[in-house]
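Only one structure is covered here, and it is reproduced in the block below.
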Amino acid sequence: MIISTTENIPNKEIDEILGIARGSTVRARNVGRDIFAGLKNIVGGEIDEYTKLQAHAREQALQRMMHDGQRLNADAIINVRFTTSMIMQGASEILAYGTAVKLI
């Protein structure tokens, strides 16, 4: 399946718009990571544990979006975007979404 952040796919023509494909995951922080992050906050620098947590969450949301696109029988998902929202203290949702299309 073709995944793109653009409105079209070069050298391809959109035949049909199938709807919105989406995938999300909600992740909570980990107490052990929070302790290490608190220490890192004093010293400064990147908090690798949270970077890895967010990267994994984005990848999972993207995979779920692609699965939703397959369910819609899409050839591609265009205009792909990511958004994040806080669900509660210490937990956030990552949402990947785009337009599922059939190509000629």
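Residues in the structure tokens are named by chain (A, B, ... in the order shown) and by number from 1 within that chain; ligands are numbered from 1 in the order shown.
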Pick out the residues sitting within 12 Å of Asn8 (chain A), and hand them over as a PDB file with all heavy atoms, in the first residue's frame; count only C-alpha atoms, and ignore anything fewer than 2 positions along from it in its own chain.
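Once written, result_28.pdb looks like this:
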```pdb
ATOM      1  N   ILE A   2       0.498   2.217  -0.801  1.00  0.00           N
ATOM      2  CA  ILE A   2       1.243   3.474  -0.879  1.00  0.00           C
ATOM      3  C   ILE A   2       0.725   4.403   0.220  1.00  0.00           C
ATOM      4  O   ILE A   2      -0.481   4.591   0.371  1.00  0.00           O
ATOM      5  CB  ILE A   2       1.073   4.131  -2.258  1.00  0.00           C
ATOM      6  CG1 ILE A   2       1.595   3.206  -3.356  1.00  0.00           C
ATOM      7  CG2 ILE A   2       1.786   5.481  -2.291  1.00  0.00           C
ATOM      8  CD1 ILE A   2       1.251   3.660  -4.763  1.00  0.00           C
ATOM      9  N   ILE A   3       1.638   4.973   0.976  1.00  0.00           N
ATOM     10  CA  ILE A   3       1.309   5.929   2.037  1.00  0.00           C
ATOM     11  C   ILE A   3       1.997   7.239   1.685  1.00  0.00           C
ATOM     12  O   ILE A   3       3.201   7.259   1.411  1.00  0.00           O
ATOM     13  CB  ILE A   3       1.813   5.448   3.413  1.00  0.00           C
ATOM     14  CG1 ILE A   3       1.267   4.054   3.746  1.00  0.00           C
ATOM     15  CG2 ILE A   3       1.475   6.450   4.511  1.00  0.00           C
ATOM     16  CD1 ILE A   3      -0.230   3.983   3.860  1.00  0.00           C
ATOM     17  N   SER A   4       1.249   8.347   1.690  1.00  0.00           N
ATOM     18  CA  SER A   4       1.830   9.629   1.294  1.00  0.00           C
ATOM     19  C   SER A   4       1.234  10.779   2.103  1.00  0.00           C
ATOM     20  O   SER A   4       0.044  10.764   2.429  1.00  0.00           O
ATOM     21  CB  SER A   4       1.579   9.871  -0.195  1.00  0.00           C
ATOM     22  OG  SER A   4       2.069  11.123  -0.583  1.00  0.00           O
ATOM     23  N   THR A   5       2.067  11.764   2.374  1.00  0.00           N
ATOM     24  CA  THR A   5       1.573  12.974   3.036  1.00  0.00           C
ATOM     25  C   THR A   5       1.079  13.998   2.016  1.00  0.00           C
ATOM     26  O   THR A   5       0.567  15.044   2.392  1.00  0.00           O
ATOM     27  CB  THR A   5       2.683  13.620   3.887  1.00  0.00           C
ATOM     28  OG1 THR A   5       3.784  13.930   3.038  1.00  0.00           O
ATOM     29  CG2 THR A   5       3.116  12.695   5.006  1.00  0.00           C
ATOM     30  N   THR A   6       1.222  13.690   0.726  1.00  0.00           N
ATOM     31  CA  THR A   6       0.787  14.608  -0.333  1.00  0.00           C
ATOM     32  C   THR A   6      -0.650  14.315  -0.753  1.00  0.00           C
ATOM     33  O   THR A   6      -1.226  13.286  -0.395  1.00  0.00           O
ATOM     34  CB  THR A   6       1.714  14.502  -1.563  1.00  0.00           C
ATOM     35  OG1 THR A   6       1.643  13.171  -2.082  1.00  0.00           O
ATOM     36  CG2 THR A   6       3.145  14.843  -1.191  1.00  0.00           C
ATOM     37  N   PRO A  10       2.519  10.696  -7.562  1.00  0.00           N
ATOM     38  CA  PRO A  10       3.067  10.970  -8.897  1.00  0.00           C
ATOM     39  C   PRO A  10       2.831   9.796  -9.857  1.00  0.00           C
ATOM     40  O   PRO A  10       2.980   8.630  -9.479  1.00  0.00           O
ATOM     41  CB  PRO A  10       4.563  11.166  -8.639  1.00  0.00           C
ATOM     42  CG  PRO A  10       4.639  11.597  -7.208  1.00  0.00           C
ATOM     43  CD  PRO A  10       3.511  10.865  -6.520  1.00  0.00           C
ATOM     44  N   ASN A  11       2.423  10.133 -11.068  1.00  0.00           N
ATOM     45  CA  ASN A  11       2.176   9.160 -12.138  1.00  0.00           C
ATOM     46  C   ASN A  11       1.022   8.214 -11.853  1.00  0.00           C
ATOM     47  O   ASN A  11       0.920   7.162 -12.464  1.00  0.00           O
ATOM     48  CB  ASN A  11       3.443   8.361 -12.457  1.00  0.00           C
ATOM     49  CG  ASN A  11       4.592   9.259 -12.833  1.00  0.00           C
ATOM     50  OD1 ASN A  11       4.432  10.215 -13.588  1.00  0.00           O
ATOM     51  ND2 ASN A  11       5.762   8.971 -12.279  1.00  0.00           N
ATOM     52  N   LYS A  12       0.179   8.551 -10.896  1.00  0.00           N
ATOM     53  CA  LYS A  12      -1.015   7.751 -10.583  1.00  0.00           C
ATOM     54  C   LYS A  12      -2.225   8.675 -10.588  1.00  0.00           C
ATOM     55  O   LYS A  12      -2.124   9.860 -10.283  1.00  0.00           O
ATOM     56  CB  LYS A  12      -0.911   7.088  -9.202  1.00  0.00           C
ATOM     57  CG  LYS A  12       0.269   6.165  -9.028  1.00  0.00           C
ATOM     58  CD  LYS A  12       0.048   4.870  -9.743  1.00  0.00           C
ATOM     59  CE  LYS A  12       1.200   3.923  -9.445  1.00  0.00           C
ATOM     60  NZ  LYS A  12       1.054   2.663 -10.131  1.00  0.00           N
ATOM     61  N   GLU A  13      -3.367   8.115 -10.907  1.00  0.00           N
ATOM     62  CA  GLU A  13      -4.605   8.881 -10.910  1.00  0.00           C
ATOM     63  C   GLU A  13      -5.561   8.277  -9.889  1.00  0.00           C
ATOM     64  O   GLU A  13      -5.710   7.052  -9.809  1.00  0.00           O
ATOM     65  CB  GLU A  13      -5.234   8.843 -12.305  1.00  0.00           C
ATOM     66  CG  GLU A  13      -6.396   9.780 -12.458  1.00  0.00           C
ATOM     67  CD  GLU A  13      -6.919   9.801 -13.897  1.00  0.00           C
ATOM     68  OE1 GLU A  13      -6.106   9.606 -14.821  1.00  0.00           O
ATOM     69  OE2 GLU A  13      -8.128   9.999 -14.068  1.00  0.00           O
ATOM     70  N   ILE A  14      -6.206   9.128  -9.124  1.00  0.00           N
ATOM     71  CA  ILE A  14      -7.171   8.662  -8.130  1.00  0.00           C
ATOM     72  C   ILE A  14      -8.480   8.349  -8.839  1.00  0.00           C
ATOM     73  O   ILE A  14      -9.032   9.188  -9.542  1.00  0.00           O
ATOM     74  CB  ILE A  14      -7.374   9.709  -7.022  1.00  0.00           C
ATOM     75  CG1 ILE A  14      -6.068   9.872  -6.230  1.00  0.00           C
ATOM     76  CG2 ILE A  14      -8.530   9.310  -6.099  1.00  0.00           C
ATOM     77  CD1 ILE A  14      -6.075  11.016  -5.254  1.00  0.00           C
ATOM     78  N   ASP A  15      -8.957   7.130  -8.648  1.00  0.00           N
ATOM     79  CA  ASP A  15     -10.197   6.688  -9.271  1.00  0.00           C
ATOM     80  C   ASP A  15     -11.378   6.882  -8.332  1.00  0.00           C
ATOM     81  O   ASP A  15     -12.467   7.251  -8.757  1.00  0.00           O
ATOM     82  CB  ASP A  15     -10.068   5.215  -9.660  1.00  0.00           C
ATOM     83  CG  ASP A  15     -11.298   4.688 -10.380  1.00  0.00           C
ATOM     84  OD1 ASP A  15     -11.797   5.397 -11.284  1.00  0.00           O
ATOM     85  OD2 ASP A  15     -11.752   3.578 -10.048  1.00  0.00           O
ATOM     86  N   ILE A  17     -12.453   7.833  -3.974  1.00  0.00           N
ATOM     87  CA  ILE A  17     -12.139   8.124  -2.574  1.00  0.00           C
ATOM     88  C   ILE A  17     -12.991   7.191  -1.725  1.00  0.00           C
ATOM     89  O   ILE A  17     -14.214   7.167  -1.862  1.00  0.00           O
ATOM     90  CB  ILE A  17     -12.415   9.603  -2.237  1.00  0.00           C
ATOM     91  CG1 ILE A  17     -11.458  10.484  -3.031  1.00  0.00           C
ATOM     92  CG2 ILE A  17     -12.276   9.838  -0.733  1.00  0.00           C
ATOM     93  CD1 ILE A  17     -11.729  11.963  -2.913  1.00  0.00           C
ATOM     94  N   ALA A  76      -4.006   3.141  -1.786  1.00  0.00           N
ATOM     95  CA  ALA A  76      -3.123   4.144  -1.187  1.00  0.00           C
ATOM     96  C   ALA A  76      -3.875   4.919  -0.112  1.00  0.00           C
ATOM     97  O   ALA A  76      -5.105   4.948  -0.100  1.00  0.00           O
ATOM     98  CB  ALA A  76      -2.608   5.109  -2.253  1.00  0.00           C
ATOM     99  N   ILE A  77      -3.105   5.537   0.769  1.00  0.00           N
ATOM    100  CA  ILE A  77      -3.660   6.490   1.734  1.00  0.00           C
ATOM    101  C   ILE A  77      -2.875   7.779   1.547  1.00  0.00           C
ATOM    102  O   ILE A  77      -1.648   7.794   1.674  1.00  0.00           O
ATOM    103  CB  ILE A  77      -3.554   5.981   3.184  1.00  0.00           C
ATOM    104  CG1 ILE A  77      -4.261   4.626   3.330  1.00  0.00           C
ATOM    105  CG2 ILE A  77      -4.156   7.001   4.153  1.00  0.00           C
ATOM    106  CD1 ILE A  77      -4.080   3.966   4.671  1.00  0.00           C
ATOM    107  N   ILE A  78      -3.598   8.834   1.209  1.00  0.00           N
ATOM    108  CA  ILE A  78      -2.957  10.123   0.937  1.00  0.00           C
ATOM    109  C   ILE A  78      -3.289  11.122   2.038  1.00  0.00           C
ATOM    110  O   ILE A  78      -4.165  10.876   2.869  1.00  0.00           O
ATOM    111  CB  ILE A  78      -3.379  10.667  -0.446  1.00  0.00           C
ATOM    112  CG1 ILE A  78      -4.897  10.835  -0.536  1.00  0.00           C
ATOM    113  CG2 ILE A  78      -2.869   9.750  -1.566  1.00  0.00           C
ATOM    114  CD1 ILE A  78      -5.367  11.541  -1.802  1.00  0.00           C
ATOM    115  N   ASN A  79      -2.571  12.251   2.026  1.00  0.00           N
ATOM    116  CA  ASN A  79      -2.761  13.306   3.034  1.00  0.00           C
ATOM    117  C   ASN A  79      -2.611  12.773   4.456  1.00  0.00           C
ATOM    118  O   ASN A  79      -3.341  13.171   5.365  1.00  0.00           O
ATOM    119  CB  ASN A  79      -4.124  13.986   2.883  1.00  0.00           C
ATOM    120  CG  ASN A  79      -4.165  14.950   1.736  1.00  0.00           C
ATOM    121  OD1 ASN A  79      -3.173  15.599   1.421  1.00  0.00           O
ATOM    122  ND2 ASN A  79      -5.311  15.038   1.090  1.00  0.00           N
ATOM    123  N   VAL A  80      -1.656  11.883   4.669  1.00  0.00           N
ATOM    124  CA  VAL A  80      -1.471  11.268   5.985  1.00  0.00           C
ATOM    125  C   VAL A  80      -0.967  12.303   6.988  1.00  0.00           C
ATOM    126  O   VAL A  80      -0.066  13.086   6.694  1.00  0.00           O
ATOM    127  CB  VAL A  80      -0.510  10.065   5.893  1.00  0.00           C
ATOM    128  CG1 VAL A  80      -0.141   9.543   7.275  1.00  0.00           C
ATOM    129  CG2 VAL A  80      -1.127   8.967   5.045  1.00  0.00           C
ATOM    130  N   GLY A  98      -5.649   9.519   7.278  1.00  0.00           N
ATOM    131  CA  GLY A  98      -5.487   9.976   5.911  1.00  0.00           C
ATOM    132  C   GLY A  98      -6.675   9.542   5.079  1.00  0.00           C
ATOM    133  O   GLY A  98      -7.611   8.919   5.581  1.00  0.00           O
ATOM    134  N   THR A  99      -6.646   9.881   3.795  1.00  0.00           N
ATOM    135  CA  THR A  99      -7.723   9.571   2.880  1.00  0.00           C
ATOM    136  C   THR A  99      -7.383   8.293   2.107  1.00  0.00           C
ATOM    137  O   THR A  99      -6.389   8.239   1.393  1.00  0.00           O
ATOM    138  CB  THR A  99      -7.958  10.735   1.895  1.00  0.00           C
ATOM    139  OG1 THR A  99      -8.210  11.925   2.633  1.00  0.00           O
ATOM    140  CG2 THR A  99      -9.139  10.440   0.983  1.00  0.00           C
ATOM    141  N   ALA A 100      -8.222   7.283   2.259  1.00  0.00           N
ATOM    142  CA  ALA A 100      -8.043   6.013   1.557  1.00  0.00           C
ATOM    143  C   ALA A 100      -8.590   6.173   0.139  1.00  0.00           C
ATOM    144  O   ALA A 100      -9.708   6.678  -0.047  1.00  0.00           O
ATOM    145  CB  ALA A 100      -8.775   4.903   2.287  1.00  0.00           C
ATOM    146  N   VAL A 101      -7.796   5.757  -0.850  1.00  0.00           N
ATOM    147  CA  VAL A 101      -8.196   5.922  -2.250  1.00  0.00           C
ATOM    148  C   VAL A 101      -7.891   4.665  -3.068  1.00  0.00           C
ATOM    149  O   VAL A 101      -7.042   3.858  -2.708  1.00  0.00           O
ATOM    150  CB  VAL A 101      -7.488   7.135  -2.910  1.00  0.00           C
ATOM    151  CG1 VAL A 101      -7.861   8.436  -2.228  1.00  0.00           C
ATOM    152  CG2 VAL A 101      -5.972   6.955  -2.918  1.00  0.00           C
ATOM    153  N   LYS A 102      -8.636   4.523  -4.171  1.00  0.00           N
ATOM    154  CA  LYS A 102      -8.351   3.541  -5.206  1.00  0.00           C
ATOM    155  C   LYS A 102      -7.633   4.281  -6.321  1.00  0.00           C
ATOM    156  O   LYS A 102      -7.992   5.402  -6.653  1.00  0.00           O
ATOM    157  CB  LYS A 102      -9.640   2.924  -5.770  1.00  0.00           C
ATOM    158  CG  LYS A 102     -10.368   2.016  -4.824  1.00  0.00           C
ATOM    159  CD  LYS A 102      -9.602   0.773  -4.465  1.00  0.00           C
ATOM    160  CE  LYS A 102      -9.776  -0.302  -5.514  1.00  0.00           C
ATOM    161  NZ  LYS A 102      -9.019  -1.520  -5.160  1.00  0.00           N
ATOM    162  N   LEU A 103      -6.616   3.650  -6.899  1.00  0.00           N
ATOM    163  CA  LEU A 103      -5.851   4.259  -7.976  1.00  0.00           C
ATOM    164  C   LEU A 103      -6.133   3.563  -9.291  1.00  0.00           C
ATOM    165  O   LEU A 103      -6.488   2.384  -9.328  1.00  0.00           O
ATOM    166  CB  LEU A 103      -4.358   4.170  -7.665  1.00  0.00           C
ATOM    167  CG  LEU A 103      -3.874   4.838  -6.376  1.00  0.00           C
ATOM    168  CD1 LEU A 103      -2.417   4.505  -6.135  1.00  0.00           C
ATOM    169  CD2 LEU A 103      -4.100   6.337  -6.426  1.00  0.00           C
TER     170      LEU A 103
END
```
Among chain A, which residues does DSSP mark as strand (DSSP E) when it is run on the backbone? Keep the chain and numbering as in the structure and answer as a PDB file with C-alpha atoms, in the first residue's frame.
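Okay, result_11.pdb is ready:
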```
ATOM      1  CA  ILE A   2       1.243   3.474  -0.879  1.00  0.00           C
ATOM      2  CA  ILE A   3       1.309   5.929   2.037  1.00  0.00           C
ATOM      3  CA  ILE A  14      -7.171   8.662  -8.130  1.00  0.00           C
ATOM      4  CA  ASP A  15     -10.197   6.688  -9.271  1.00  0.00           C
ATOM      5  CA  GLU A  16     -12.246   6.679  -6.086  1.00  0.00           C
ATOM      6  CA  ILE A  17     -12.139   8.124  -2.574  1.00  0.00           C
ATOM      7  CA  LEU A  18     -13.030   5.411  -0.086  1.00  0.00           C
ATOM      8  CA  GLY A  19     -13.095   7.433   3.128  1.00  0.00           C
ATOM      9  CA  ILE A  20     -10.882   8.133   6.094  1.00  0.00           C
ATOM     10  CA  ALA A  21      -8.392   5.498   7.197  1.00  0.00           C
ATOM     11  CA  ARG A  22      -7.276   5.887  10.793  1.00  0.00           C
ATOM     12  CA  GLY A  23      -5.313   4.150  13.470  1.00  0.00           C
ATOM     13  CA  SER A  24      -4.550   5.117  17.027  1.00  0.00           C
ATOM     14  CA  THR A  25      -2.943   3.981  20.222  1.00  0.00           C
ATOM     15  CA  VAL A  26      -3.020   5.327  23.770  1.00  0.00           C
ATOM     16  CA  ARG A  27       0.188   5.095  25.756  1.00  0.00           C
ATOM     17  CA  ALA A  28       0.867   5.722  29.420  1.00  0.00           C
ATOM     18  CA  ALA A  76      -3.123   4.144  -1.187  1.00  0.00           C
ATOM     19  CA  ILE A  77      -3.660   6.490   1.734  1.00  0.00           C
ATOM     20  CA  ILE A  78      -2.957  10.123   0.937  1.00  0.00           C
ATOM     21  CA  ASN A  79      -2.761  13.306   3.034  1.00  0.00           C
ATOM     22  CA  VAL A  80      -1.471  11.268   5.985  1.00  0.00           C
ATOM     23  CA  ARG A  81      -1.205  13.204   9.235  1.00  0.00           C
ATOM     24  CA  PHE A  82      -0.379  12.483  12.869  1.00  0.00           C
ATOM     25  CA  THR A  83      -1.915  14.137  15.887  1.00  0.00           C
ATOM     26  CA  THR A  84      -1.383  13.738  19.612  1.00  0.00           C
ATOM     27  CA  SER A  85      -3.751  14.465  22.455  1.00  0.00           C
ATOM     28  CA  MET A  86      -3.516  14.028  26.184  1.00  0.00           C
ATOM     29  CA  ILE A  87      -6.133  11.580  27.473  1.00  0.00           C
ATOM     30  CA  MET A  88      -5.302  11.983  31.152  1.00  0.00           C
ATOM     31  CA  ALA A  91      -1.342   9.139  29.029  1.00  0.00           C
ATOM     32  CA  SER A  92      -1.587  10.373  25.461  1.00  0.00           C
ATOM     33  CA  GLU A  93      -3.162   9.219  22.220  1.00  0.00           C
ATOM     34  CA  ILE A  94      -1.320   9.148  18.910  1.00  0.00           C
ATOM     35  CA  LEU A  95      -3.651   9.192  15.905  1.00  0.00           C
ATOM     36  CA  ALA A  96      -2.585   8.586  12.290  1.00  0.00           C
ATOM     37  CA  TYR A  97      -5.163   9.368   9.623  1.00  0.00           C
ATOM     38  CA  GLY A  98      -5.487   9.976   5.911  1.00  0.00           C
ATOM     39  CA  THR A  99      -7.723   9.571   2.880  1.00  0.00           C
ATOM     40  CA  ALA A 100      -8.043   6.013   1.557  1.00  0.00           C
ATOM     41  CA  VAL A 101      -8.196   5.922  -2.250  1.00  0.00           C
ATOM     42  CA  LYS A 102      -8.351   3.541  -5.206  1.00  0.00           C
ATOM     43  CA  LEU A 103      -5.851   4.259  -7.976  1.00  0.00           C
TER      44      LEU A 103
END
```
Which parts of region 42-85 of chain A does DSSP call helix (DSSP H, G or I) when run on the backbone here, written out as number ranges by chain?
A: 42-43, 48-71
I need the residues from that last selection saved to file as a PDB file, in the first residue's frame (with C-alpha atoms), if you can.
```
ATOM      1  CA  ILE A  42      17.721  18.117  36.149  1.00  0.00           C
ATOM      2  CA  VAL A  43      20.768  17.536  33.931  1.00  0.00           C
ATOM      3  CA  ASP A  48      15.464   8.795  25.250  1.00  0.00           C
ATOM      4  CA  GLU A  49      12.858   6.672  27.026  1.00  0.00           C
ATOM      5  CA  TYR A  50      10.039   9.021  26.015  1.00  0.00           C
ATOM      6  CA  THR A  51      11.443   9.446  22.500  1.00  0.00           C
ATOM      7  CA  LYS A  52      11.363   5.669  22.037  1.00  0.00           C
ATOM      8  CA  LEU A  53       7.882   5.422  23.569  1.00  0.00           C
ATOM      9  CA  GLN A  54       6.503   8.035  21.169  1.00  0.00           C
ATOM     10  CA  ALA A  55       8.292   6.530  18.151  1.00  0.00           C
ATOM     11  CA  HIS A  56       6.807   3.114  18.913  1.00  0.00           C
ATOM     12  CA  ALA A  57       3.351   4.637  19.402  1.00  0.00           C
ATOM     13  CA  ARG A  58       3.565   6.499  16.055  1.00  0.00           C
ATOM     14  CA  GLU A  59       4.597   3.307  14.262  1.00  0.00           C
ATOM     15  CA  GLN A  60       1.742   1.353  15.843  1.00  0.00           C
ATOM     16  CA  ALA A  61      -0.791   4.053  14.907  1.00  0.00           C
ATOM     17  CA  LEU A  62       0.566   4.056  11.329  1.00  0.00           C
ATOM     18  CA  GLN A  63       0.290   0.258  11.084  1.00  0.00           C
ATOM     19  CA  ARG A  64      -3.287   0.385  12.385  1.00  0.00           C
ATOM     20  CA  MET A  65      -4.139   3.103   9.835  1.00  0.00           C
ATOM     21  CA  MET A  66      -2.724   0.911   7.056  1.00  0.00           C
ATOM     22  CA  HIS A  67      -4.798  -2.022   8.314  1.00  0.00           C
ATOM     23  CA  ASP A  68      -7.891   0.203   8.220  1.00  0.00           C
ATOM     24  CA  GLY A  69      -6.979   1.189   4.652  1.00  0.00           C
ATOM     25  CA  GLN A  70      -6.718  -2.493   3.694  1.00  0.00           C
ATOM     26  CA  ARG A  71     -10.132  -3.071   5.252  1.00  0.00           C
TER      27      ARG A  71
END
```
